[in-house]
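Participant: Dumping the structure here so I can ask a few things about it.
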Amino acid sequence: MSDSSIDIETPKKEARRIRIHGTEIRAGSPDRDAGPIRRQPTLPPPISGVPIPGVAFSRTLTTEVEPVGSSARGGGRDEDDYIRMIKFAEPGIPLSRTRTSMSGMSTASGISARISRRGSFGREEVPAELRIPPIYRTLSIQVSNSVARPEVKPPTKAAGDVASLDWHTIPEPELLARVGLASRPTGLSASSAATRLKEGGRNEITPHRPNLVKKWLEYFFGGFGSLLFIAAIVSIISWRPLGDPPQAPNLALGVILLVVICIQAGFNAYQDWSTTRVMSSIGNLLPAEALVLRDGQQTRIAAAELVVGDLIYVNLGNKIPADIRMLEVSSDLKFDRSVLTGESDAIAGTVECTDPNFMETKNVGMQGTHCVSGSGLGVVIQTGDMTVFGRIAKLSSSGGGAMTTLQKEILRFVIIIASLAVFTAAVVAILWGAWLKRDYPNYLNTSAILIDIITVAVAFIPEGLPVSVTLSLTIIANAMKRNMVLCKSLTTVETLGAVNVLCSDKTGTLTQNRMFVQNTAILDHEVHSDRAREVVVEDQPLGKAIVQLQHVAALNDAAQFDAATMTLPLLERKINGDATDTAILRFAEQLGGPGSYVADLYKSFRKVFEIPFNSRNKFMLRVFRPQGGEDPTRDVARAMSAGEAKDFDIEGGDMILFVKGAPDVLMPRCASYVHPDTAELLELDETAKERIAQLQQTWASRGQRVLLLARKVLKSKIVPQNVQPEDTEFADIIMEANTELVIVGLVGIVDPPRTEIPDVVAIMRRAGIRFFMVTGDFALTAAAIARQCGIITVENPDDLSALDAGASFDSVVKYDPDMPEEEKRMKSIVLSGKDLETMNEAQWEQLCQYDEIVFARTTPEQKLKIVKEFQARDNVVGMTGDGVNDAPSLKAADIGIAMGGGSDVAMEAADMVLLDSFASMVVAIEYGRLVFDNLKKVIIYLLPAGSFSELWAVLVTIFFGMPQAISSIQMIIISILTDCIASMSLMMEKPEADLLTRKPRNLKKDRLANSKLLGQAYGFLGLSMLVCAMSMAFRVFRKNGIPFSELWLSFGTPKVNGVEIDAQFYQDVTYEAQSTYFVTLVLMQWFNLLATRTRRLSIFQQSPILNPATSNYYLFGAMAINLCILFFFLYVPAFHHAFGTRPVQVEYWFIPLGFGMGLLIVDEIRKLLVRRFPQSFLARIAW
């Protein structure tokens, strides 16, 4: 068979041999169910000039998949248990980006596209040193553990389309040919990708195009629009045919209502468009990226630029940006597909097809799903609308989510007001039908009573509220954009305003996530990192010991230098990896002096096994064998003590185990240590342990993260000859051998707190929010950082012993934010994850009363429990995090907050993403409180005139037979024009100076409209306006010769001295009185506007003018518009007949201004008393 041919034979299910362009690749099949989870190897491009440890290339490679125990070991296993491993037949040819004689195959992607299968049960014995080491990884928790998700079923049509897909079933050669990938080792070329992008379009799902007719119907008839439309129809019907004779004001009322409906629809449409545009621009600040292989180079591109045929790398925490077919997977690769299938359990990823159904097979990654464990390499098979997610999205209608607290509050208020309006309207209708129509048939005809009924209903309901809510969302959107905060839903900002407990991660959230090694130590002999290189050059025992530590730091590190920046100075080089590994790698390179010291080490040592760091073990482990190099004996001698090097058998296959991790975790596994004076080993006695522990505590108390670096020589005899590094038995042997370690030294890593954090914490505290730290760090380190951040303010915080395990649950004193500091017994406490596991309910109850808490050494499960425990005690909990393991607690919290640089899984689980500074959290909390505060102001502004004063005008007419003090059309103008415009200006109010010094809102007690607010609106403001407006209207009657006594119980045209008043004269006077009532209400509302813009502060403390921090010039704009509306309806003669209005005399303009000023002064006195006497009755009933 020629090198370019494809040979596919499958005589037996249990074994495969793959031939690639004449080259064969063979793999074993260890058990993947026992022991640590293993990752099948991938071959990413190495650093330029640096071979991947343990990889040597050859011209002939062999692979086969066989059952465990075949050949020498015996036994068998189903095909699902096979895993693909790679071994090389000839050592010595370094892995590089250059092409070899393998017909174009390079090292960049591992396995080529041309595959052949043969039956083979035989297992070739290949030297163990030629095998690629497996990687072991454990993910401690999955996102799906946090919260049960609703079942999601794809639409039938979409399911049918997906069922016809065969991407997952076709062989790999056919797959690569179909996607047009000529060379898997190099991926697509940039030019080819550009052409495909132009032809196939961007990898974006076409936004759902809403039904425009339905959307505009919502604009017109949403909210109270339907009520206004019904009122308009009834008004027109009351004009004709019910009008006898037809009344022009009824027609005018109907026309005005229709015009208002159109204006509100236009406003709603504009606000919807504006808010959507702003939120889209915020979303663009967090572009999705993908790591792809193009032109043989790993490149990060925008996910929208992915094309079919791209090779894409998938790693832990990634959101899958397109549908991909997996070509290489780690054995622990898992996907969370719940967004598509509703299945809460993570699905393992495989290379082989496991189900004929595309939705069920495990060898594909679908767009929108998440990688919650492991890693892999896949080829893009579908993008954009052609993905499963895109197909379903096109056919699915998005369901409504759960209502936020703000939406619930508004709905509750509207239901209450609407119920009262319906009840009042029904009472009016019943009274008219059962009494007035019978006893006073000429008083109110059918047309008039219908107008009164709809007027009561329309006036009672605050039409300005929906507009104000819409406007508030736009205000929030712009505020969030200015402060680089991405909200999944704008209404969730209001929930953040009610948060009273905020649990924050440390690394990358409170700190800068820019770590560097500050100190290193051999035993307890400290050396500052700046001097460490000098000590090494001196070639003294201490320097030799530091070189040993350097080997552990360099080789047992998951970070890598970016090949493109290797020529730059060390501090300017880009490093791919997490912050801790980056700091240690840079430190190890710094100790080596000029050149690429770490790269040279990898030429001398080959990795055969790895357990990456995880939140459970809290250590990272690697096993190496010496390889190649100019002088292997010298390399081994530098990596360990002279005594160990003397007994080390390179030819016999001895190995070195390197481990780094938390000192308190690794110390029990250690038996000896490197002495700084001799660089030789001594037994780890209690004295040495105490010295190391003391140093750890000293560094931790300075806020340094302390890691212990250790090693152990593994003699070849501990591993049976027939056990290979990829076998589960090998993993078990290494785990058992991970004891009696040699402590090489310690490193202290510094991650400085963000400069703004202390101020943020102080603001949170003043706002009544308890700020806690939840971290995986050592307790002393966490406490030190907490002190720097202001999270802990006492020198000696409590520990577990302060929590009485024998206390009764009911005896615990509940947390009181108003308790004086000197009386607080439970102030600060620091607990570890182990402490949490031993606590009972009474201890949790005591813990939840503390002001300042630091949770150290916590696991994801413990973070979730912390959130649940505080929620169970009626706290509104906010949670911050950026890692995959933070996702459960982010989901469970009342509001989850992720950092912009975190994992895709965390950002998907969170409700809000901070794209820039943690300080923007303060702005979000402030606006969360502001929107609720301003809506309360809107309600208390709308109710006095819009419902109370207008309602009583109608009721007085019905019950007491007096002329209606304000016409129906004027009532409608106030409700839907003047009050609505002014309420919008209230939503533009800036935060009051004391907004962030108030306690957070209690979701169960602090309602949007409660008895205090209604008492202020009706009992003070409404009653004042009613009395003033009524007095002004009846003053007009009296001035025109009609005393109040003649109007009382007249039920029609009154008589003066027994003589019936001329009907036309009486109508003109009534119109003038109604217009005066109208003017009085509008002018007094100006002062109500100024009074209600603050809840406790004086108008002079929160000045509406001249002070940029408090000014609101929209108030005066609203007043000016309202004045124009008054002049328009009262002083344009052409409208007098249509609207039933008359000009108002000058004196009736100034008297209401005096009334309004008096109202403002009385309210200022009330606020003063509330501030001066916060425990008084007046303060307790203040809204």
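Order determines the names: the first chain of the structure tokens is A, the second B, and so forth; residues in each chain are numbered 1 upward, and ligands are numbered 1 upward as they are shown.
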Considering only alpha helix (DSSP H) as DSSP defines it on the backbone, what residues of stretch 876-1071 of chain A qualify? List them as JSON, numbers by chain.
Facilitator: {"A": [887, 888, 889, 890, 891, 892, 904, 905, 906, 907, 908, 909, 920, 921, 922, 923, 924, 925, 926, 927, 928, 929, 930, 931, 932, 933, 934, 935, 936, 937, 938, 939, 940, 941, 942, 943, 950, 951, 952, 953, 954, 955, 956, 957, 958, 959, 960, 968, 969, 970, 971, 972, 973, 979, 980, 981, 982, 983, 984, 985, 986, 1011, 1012, 1013, 1014, 1023, 1024, 1025, 1026, 1027, 1028, 1029, 1030, 1031, 1032, 1033, 1034, 1035, 1036, 1037, 1038, 1039, 1044, 1045, 1046, 1047, 1063, 1064, 1065, 1066, 1067, 1068, 1069, 1070, 1071]}
Participant: Save out the residues we just selected, C-alpha atoms, as a CSV table (one decimal), in the first residue's frame.
Facilitator:
```
chain,number,residue,atom,x,y,z
A,887,ALA,CA,-21.0,28.0,38.8
A,888,PRO,CA,-23.2,26.1,41.3
A,889,SER,CA,-23.1,28.8,43.9
A,890,LEU,CA,-23.5,31.5,41.3
A,891,LYS,CA,-26.7,29.8,40.1
A,892,ALA,CA,-28.0,29.3,43.6
A,904,ASP,CA,-17.5,30.8,30.1
A,905,VAL,CA,-19.3,28.5,32.5
A,906,ALA,CA,-19.2,31.0,35.3
A,907,MET,CA,-20.3,33.9,33.1
A,908,GLU,CA,-23.2,31.7,31.8
A,909,ALA,CA,-24.3,30.8,35.3
A,920,SER,CA,-18.7,49.0,39.4
A,921,MET,CA,-20.5,46.7,41.8
A,922,VAL,CA,-21.2,49.8,43.9
A,923,VAL,CA,-22.8,51.5,40.9
A,924,ALA,CA,-25.0,48.5,40.2
A,925,ILE,CA,-26.2,48.3,43.8
A,926,GLU,CA,-26.8,52.0,43.8
A,927,TYR,CA,-28.9,51.9,40.7
A,928,GLY,CA,-30.7,48.8,42.0
A,929,ARG,CA,-31.8,50.8,45.0
A,930,LEU,CA,-32.4,53.9,42.9
A,931,VAL,CA,-34.9,52.3,40.5
A,932,PHE,CA,-37.0,51.0,43.4
A,933,ASP,CA,-36.7,54.4,45.2
A,934,ASN,CA,-37.7,56.4,42.2
A,935,LEU,CA,-40.7,54.1,41.4
A,936,LYS,CA,-42.0,54.7,45.0
A,937,LYS,CA,-41.6,58.4,44.3
A,938,VAL,CA,-43.5,58.0,41.0
A,939,ILE,CA,-46.4,56.2,42.8
A,940,ILE,CA,-46.7,58.7,45.6
A,941,TYR,CA,-46.7,61.5,43.1
A,942,LEU,CA,-49.4,59.9,40.9
A,943,LEU,CA,-51.9,58.9,43.5
A,950,GLU,CA,-60.3,63.1,40.9
A,951,LEU,CA,-62.1,60.1,42.4
A,952,TRP,CA,-63.7,62.2,45.2
A,953,ALA,CA,-64.9,64.7,42.6
A,954,VAL,CA,-67.0,61.9,41.0
A,955,LEU,CA,-68.2,60.4,44.3
A,956,VAL,CA,-69.3,63.8,45.5
A,957,THR,CA,-71.4,64.2,42.4
A,958,ILE,CA,-72.9,60.7,42.8
A,959,PHE,CA,-73.6,60.8,46.5
A,960,PHE,CA,-74.4,64.5,47.1
A,968,SER,CA,-64.0,63.9,32.8
A,969,ILE,CA,-61.8,65.1,30.0
A,970,GLN,CA,-59.7,67.2,32.5
A,971,MET,CA,-59.3,64.2,34.7
A,972,ILE,CA,-58.0,62.2,31.8
A,973,ILE,CA,-55.6,65.0,30.8
A,979,ASP,CA,-48.9,63.6,35.7
A,980,CYS,CA,-47.3,61.1,33.2
A,981,ILE,CA,-44.8,63.7,32.0
A,982,ALA,CA,-43.9,64.8,35.5
A,983,SER,CA,-43.5,61.2,36.7
A,984,MET,CA,-41.0,60.6,33.9
A,985,SER,CA,-38.9,63.5,35.2
A,986,LEU,CA,-38.9,61.8,38.6
A,1011,SER,CA,-49.6,51.4,54.2
A,1012,LYS,CA,-47.0,54.1,54.9
A,1013,LEU,CA,-46.8,55.2,51.3
A,1014,LEU,CA,-50.6,55.1,50.8
A,1023,LEU,CA,-56.5,65.1,51.2
A,1024,SER,CA,-54.7,68.4,51.1
A,1025,MET,CA,-55.1,68.7,47.3
A,1026,LEU,CA,-58.8,67.7,47.5
A,1027,VAL,CA,-59.7,70.3,50.1
A,1028,CYS,CA,-57.8,73.0,48.3
A,1029,ALA,CA,-59.1,72.2,44.8
A,1030,MET,CA,-62.7,71.8,46.1
A,1031,SER,CA,-62.5,75.2,47.9
A,1032,MET,CA,-61.3,76.9,44.7
A,1033,ALA,CA,-64.0,75.4,42.6
A,1034,PHE,CA,-66.8,76.3,45.0
A,1035,ARG,CA,-65.3,79.8,45.3
A,1036,VAL,CA,-65.9,80.2,41.6
A,1037,PHE,CA,-69.6,79.2,42.1
A,1038,ARG,CA,-70.0,81.6,45.0
A,1039,LYS,CA,-68.4,84.5,43.2
A,1044,PHE,CA,-72.6,76.1,48.3
A,1045,SER,CA,-75.9,75.6,50.1
A,1046,GLU,CA,-77.7,75.7,46.8
A,1047,LEU,CA,-75.4,73.1,45.2
A,1063,ALA,CA,-79.0,76.5,32.1
A,1064,GLN,CA,-76.4,78.1,29.8
A,1065,PHE,CA,-75.1,80.4,32.6
A,1066,TYR,CA,-74.9,77.4,35.0
A,1067,GLN,CA,-73.0,75.4,32.4
A,1068,ASP,CA,-70.5,78.2,31.8
A,1069,VAL,CA,-69.9,78.7,35.5
A,1070,THR,CA,-69.5,74.9,35.9
A,1071,TYR,CA,-66.9,74.9,33.1
```
Participant: Find the residues around A:Ser811 up to 10 Å (only C-alpha atoms counted), leave out those fewer than 2 positions away in its own chain, and share them as a list in words.
Facilitator: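 What passes the distance filter is Ala807, Ser808, Phe809, Val813, Lys814, Ala842, Glu845 and Gln846 of chain A.
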Participant: Could you save those same residues with all heavy atoms as a PDB file, in the first residue's frame?
Facilitator:
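Result file is part_12.pdb:
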```pdb
ATOM      1  N   ALA A 807     -25.434  25.004  72.083  1.00  0.00           N
ATOM      2  CA  ALA A 807     -26.453  26.042  72.231  1.00  0.00           C
ATOM      3  C   ALA A 807     -27.745  25.628  71.540  1.00  0.00           C
ATOM      4  O   ALA A 807     -27.737  24.909  70.537  1.00  0.00           O
ATOM      5  CB  ALA A 807     -25.950  27.355  71.651  1.00  0.00           C
ATOM      6  N   SER A 808     -28.851  26.090  72.096  1.00  0.00           N
ATOM      7  CA  SER A 808     -30.134  25.803  71.453  1.00  0.00           C
ATOM      8  C   SER A 808     -30.345  26.782  70.303  1.00  0.00           C
ATOM      9  O   SER A 808     -29.872  27.921  70.338  1.00  0.00           O
ATOM     10  CB  SER A 808     -31.281  25.936  72.457  1.00  0.00           C
ATOM     11  OG  SER A 808     -31.394  27.278  72.903  1.00  0.00           O
ATOM     12  N   PHE A 809     -31.076  26.326  69.327  1.00  0.00           N
ATOM     13  CA  PHE A 809     -31.295  27.127  68.124  1.00  0.00           C
ATOM     14  C   PHE A 809     -31.992  28.442  68.455  1.00  0.00           C
ATOM     15  O   PHE A 809     -31.635  29.505  67.943  1.00  0.00           O
ATOM     16  CB  PHE A 809     -32.131  26.311  67.136  1.00  0.00           C
ATOM     17  CG  PHE A 809     -32.236  26.923  65.773  1.00  0.00           C
ATOM     18  CD1 PHE A 809     -31.287  26.658  64.796  1.00  0.00           C
ATOM     19  CD2 PHE A 809     -33.270  27.788  65.458  1.00  0.00           C
ATOM     20  CE1 PHE A 809     -31.380  27.227  63.533  1.00  0.00           C
ATOM     21  CE2 PHE A 809     -33.375  28.362  64.211  1.00  0.00           C
ATOM     22  CZ  PHE A 809     -32.420  28.070  63.249  1.00  0.00           C
ATOM     23  N   VAL A 813     -28.943  34.948  69.475  1.00  0.00           N
ATOM     24  CA  VAL A 813     -29.377  36.330  69.242  1.00  0.00           C
ATOM     25  C   VAL A 813     -29.311  36.634  67.747  1.00  0.00           C
ATOM     26  O   VAL A 813     -28.276  36.450  67.115  1.00  0.00           O
ATOM     27  CB  VAL A 813     -28.489  37.319  70.022  1.00  0.00           C
ATOM     28  CG1 VAL A 813     -28.927  38.759  69.758  1.00  0.00           C
ATOM     29  CG2 VAL A 813     -28.547  37.013  71.515  1.00  0.00           C
ATOM     30  N   LYS A 814     -30.416  37.060  67.177  1.00  0.00           N
ATOM     31  CA  LYS A 814     -30.491  37.286  65.741  1.00  0.00           C
ATOM     32  C   LYS A 814     -29.712  38.537  65.347  1.00  0.00           C
ATOM     33  O   LYS A 814     -29.575  39.483  66.119  1.00  0.00           O
ATOM     34  CB  LYS A 814     -31.954  37.437  65.290  1.00  0.00           C
ATOM     35  CG  LYS A 814     -32.834  36.266  65.706  1.00  0.00           C
ATOM     36  CD  LYS A 814     -32.284  34.931  65.213  1.00  0.00           C
ATOM     37  CE  LYS A 814     -33.167  33.785  65.658  1.00  0.00           C
ATOM     38  NZ  LYS A 814     -32.568  32.468  65.342  1.00  0.00           N
ATOM     39  N   ALA A 842     -27.263  24.736  65.126  1.00  0.00           N
ATOM     40  CA  ALA A 842     -27.121  25.836  66.082  1.00  0.00           C
ATOM     41  C   ALA A 842     -25.867  26.654  65.787  1.00  0.00           C
ATOM     42  O   ALA A 842     -25.875  27.883  65.906  1.00  0.00           O
ATOM     43  CB  ALA A 842     -27.066  25.278  67.505  1.00  0.00           C
ATOM     44  N   GLU A 845     -26.503  28.793  62.832  1.00  0.00           N
ATOM     45  CA  GLU A 845     -27.323  29.937  63.230  1.00  0.00           C
ATOM     46  C   GLU A 845     -26.464  31.018  63.877  1.00  0.00           C
ATOM     47  O   GLU A 845     -26.648  32.212  63.614  1.00  0.00           O
ATOM     48  CB  GLU A 845     -28.415  29.467  64.190  1.00  0.00           C
ATOM     49  CG  GLU A 845     -29.409  30.548  64.579  1.00  0.00           C
ATOM     50  CD  GLU A 845     -30.301  30.987  63.425  1.00  0.00           C
ATOM     51  OE1 GLU A 845     -30.358  30.279  62.394  1.00  0.00           O
ATOM     52  OE2 GLU A 845     -30.945  32.043  63.559  1.00  0.00           O
ATOM     53  N   GLN A 846     -25.524  30.599  64.703  1.00  0.00           N
ATOM     54  CA  GLN A 846     -24.616  31.570  65.315  1.00  0.00           C
ATOM     55  C   GLN A 846     -23.728  32.224  64.258  1.00  0.00           C
ATOM     56  O   GLN A 846     -23.515  33.444  64.271  1.00  0.00           O
ATOM     57  CB  GLN A 846     -23.744  30.872  66.363  1.00  0.00           C
ATOM     58  CG  GLN A 846     -24.513  30.306  67.557  1.00  0.00           C
ATOM     59  CD  GLN A 846     -23.648  29.423  68.421  1.00  0.00           C
ATOM     60  OE1 GLN A 846     -22.649  29.869  68.976  1.00  0.00           O
ATOM     61  NE2 GLN A 846     -24.010  28.152  68.539  1.00  0.00           N
TER      62      GLN A 846
END
```
Participant: Residues of stretch 1024-1123 of chain A classed as strand (DSSP E) by DSSP on the backbone are to be reported as JSON, numbers by chain.
Facilitator: {"A": [1055, 1056, 1059, 1060]}
Participant: For the residues in the current selection, export N, CA and C atoms as an mmCIF file, in the first residue's frame.
Facilitator:
```cif
data_model
loop_
_atom_site.group_PDB
_atom_site.id
_atom_site.type_symbol
_atom_site.label_atom_id
_atom_site.label_comp_id
_atom_site.auth_asym_id
_atom_site.auth_seq_id
_atom_site.Cartn_x
_atom_site.Cartn_y
_atom_site.Cartn_z
ATOM 1 N N LYS A 1055 -81.356 75.988 42.268
ATOM 2 C CA LYS A 1055 -82.151 77.216 42.314
ATOM 3 C C LYS A 1055 -81.538 78.166 43.314
ATOM 4 N N VAL A 1056 -81.613 79.450 42.990
ATOM 5 C CA VAL A 1056 -81.128 80.485 43.894
ATOM 6 C C VAL A 1056 -82.323 81.317 44.319
ATOM 7 N N VAL A 1059 -85.452 80.453 42.502
ATOM 8 C CA VAL A 1059 -85.499 80.692 41.058
ATOM 9 C C VAL A 1059 -84.448 79.810 40.395
ATOM 10 N N GLU A 1060 -84.883 79.029 39.406
ATOM 11 C CA GLU A 1060 -83.958 78.127 38.712
ATOM 12 C C GLU A 1060 -82.978 78.946 37.888
#
```
Participant: Let me make sure I understand: among A:Lys660, A:Leu490, A:Ala559, A:Glu989, which one has the smallest atom-to-atom distance to A:Tyr1114 if we use only C-alpha atoms?
Facilitator: A:Glu989
Participant: Which residues are near A:Val517? Cut-off 7 Å, only C-alpha atoms, ignore same chain within fewer than 4 positions. Put them as a list in words.
Facilitator: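 Listing them by chain and then by number gives Ser529, Ala583, Ile584, Phe587, Val747, Gly748, Ile749 and Val750 of chain A.
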Participant: Find the residues around stretch 677-692 of chain A up to 7 Å (only C-alpha atoms counted), leave out those fewer than 5 positions away in its own chain, and share them as a list in words.
Facilitator: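 Result of the neighbour search: Leu523, Asp524, Pro541, Leu542, Lys544, Ala545, Ser641, Ala642, Ala671 and Ser672 of chain A.
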Participant: Rank A:Ala457, A:Gly768, A:Phe1100, A:Tyr850 by their smallest atom-to-atom distance to A:Pro797, using only C-alpha atoms, and report the top residue only.
Facilitator: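 Nearest candidate to A:Pro797 out of A:Ala457, A:Gly768, A:Phe1100, A:Tyr850: A:Tyr850.
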Participant: Could you pull the residues within 7 Å of A:Val876, counting only C-alpha atoms, minus those fewer than 2 positions along the same chain, as a ChimeraX atom specification?
Facilitator: /A:498-501,871,874,878,894
Participant: Mind checking which residues fall within 12 Å of A:Val527, counting only C-alpha atoms, ignoring those fewer than 3 positions away in the same chain, and posting them as a list in words?
Facilitator: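 Neighbouring residues, sequence-local ones excluded: Val517, Gln518, Asn519, Thr520, Ala521, Ile522, Leu523, Asp524, Asp530, Arg531, Ala532, Arg533, Glu534, Val535, Val536, Leu542, Gly543, Ala545, Ile546, Pro676, Gly745, Leu746, Val747 and Gly748 of chain A.
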Participant: Near A:Leu803, within 9 Å and counting only C-alpha atoms, which residues show up once chain neighbours fewer than 5 positions away are dropped, as number ranges by chain?
Facilitator: A: 798, 839, 842-844, 846-847
Participant: Would you mind telling me which residue in A:Ile476, A:Thr978, A:Ala898, A:Trp167 lies nearest to A:Ser274 when using only C-alpha atoms?
Facilitator: A:Ile476
Participant: Can you measure atom CA of A:Thr793 to atom CA of A:Pro1000 for me? One decimal in Å is fine.
Facilitator: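 Result for atom CA of A:Thr793 versus atom CA of A:Pro1000: 21.7 Å, one decimal.
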Participant: Atom CA of A:Val884 and atom CA of A:Leu864 are how many Å apart?
Facilitator: 13.1 Å
Participant: Can you work out which one of A:Thr739, A:Asn445, A:Gln550, A:Ser949 has the shortest atom-to-atom distance to A:Tyr597, counting only C-alpha atoms?
Facilitator: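 The shortest atom-to-atom distance to A:Tyr597 comes from A:Gln550.
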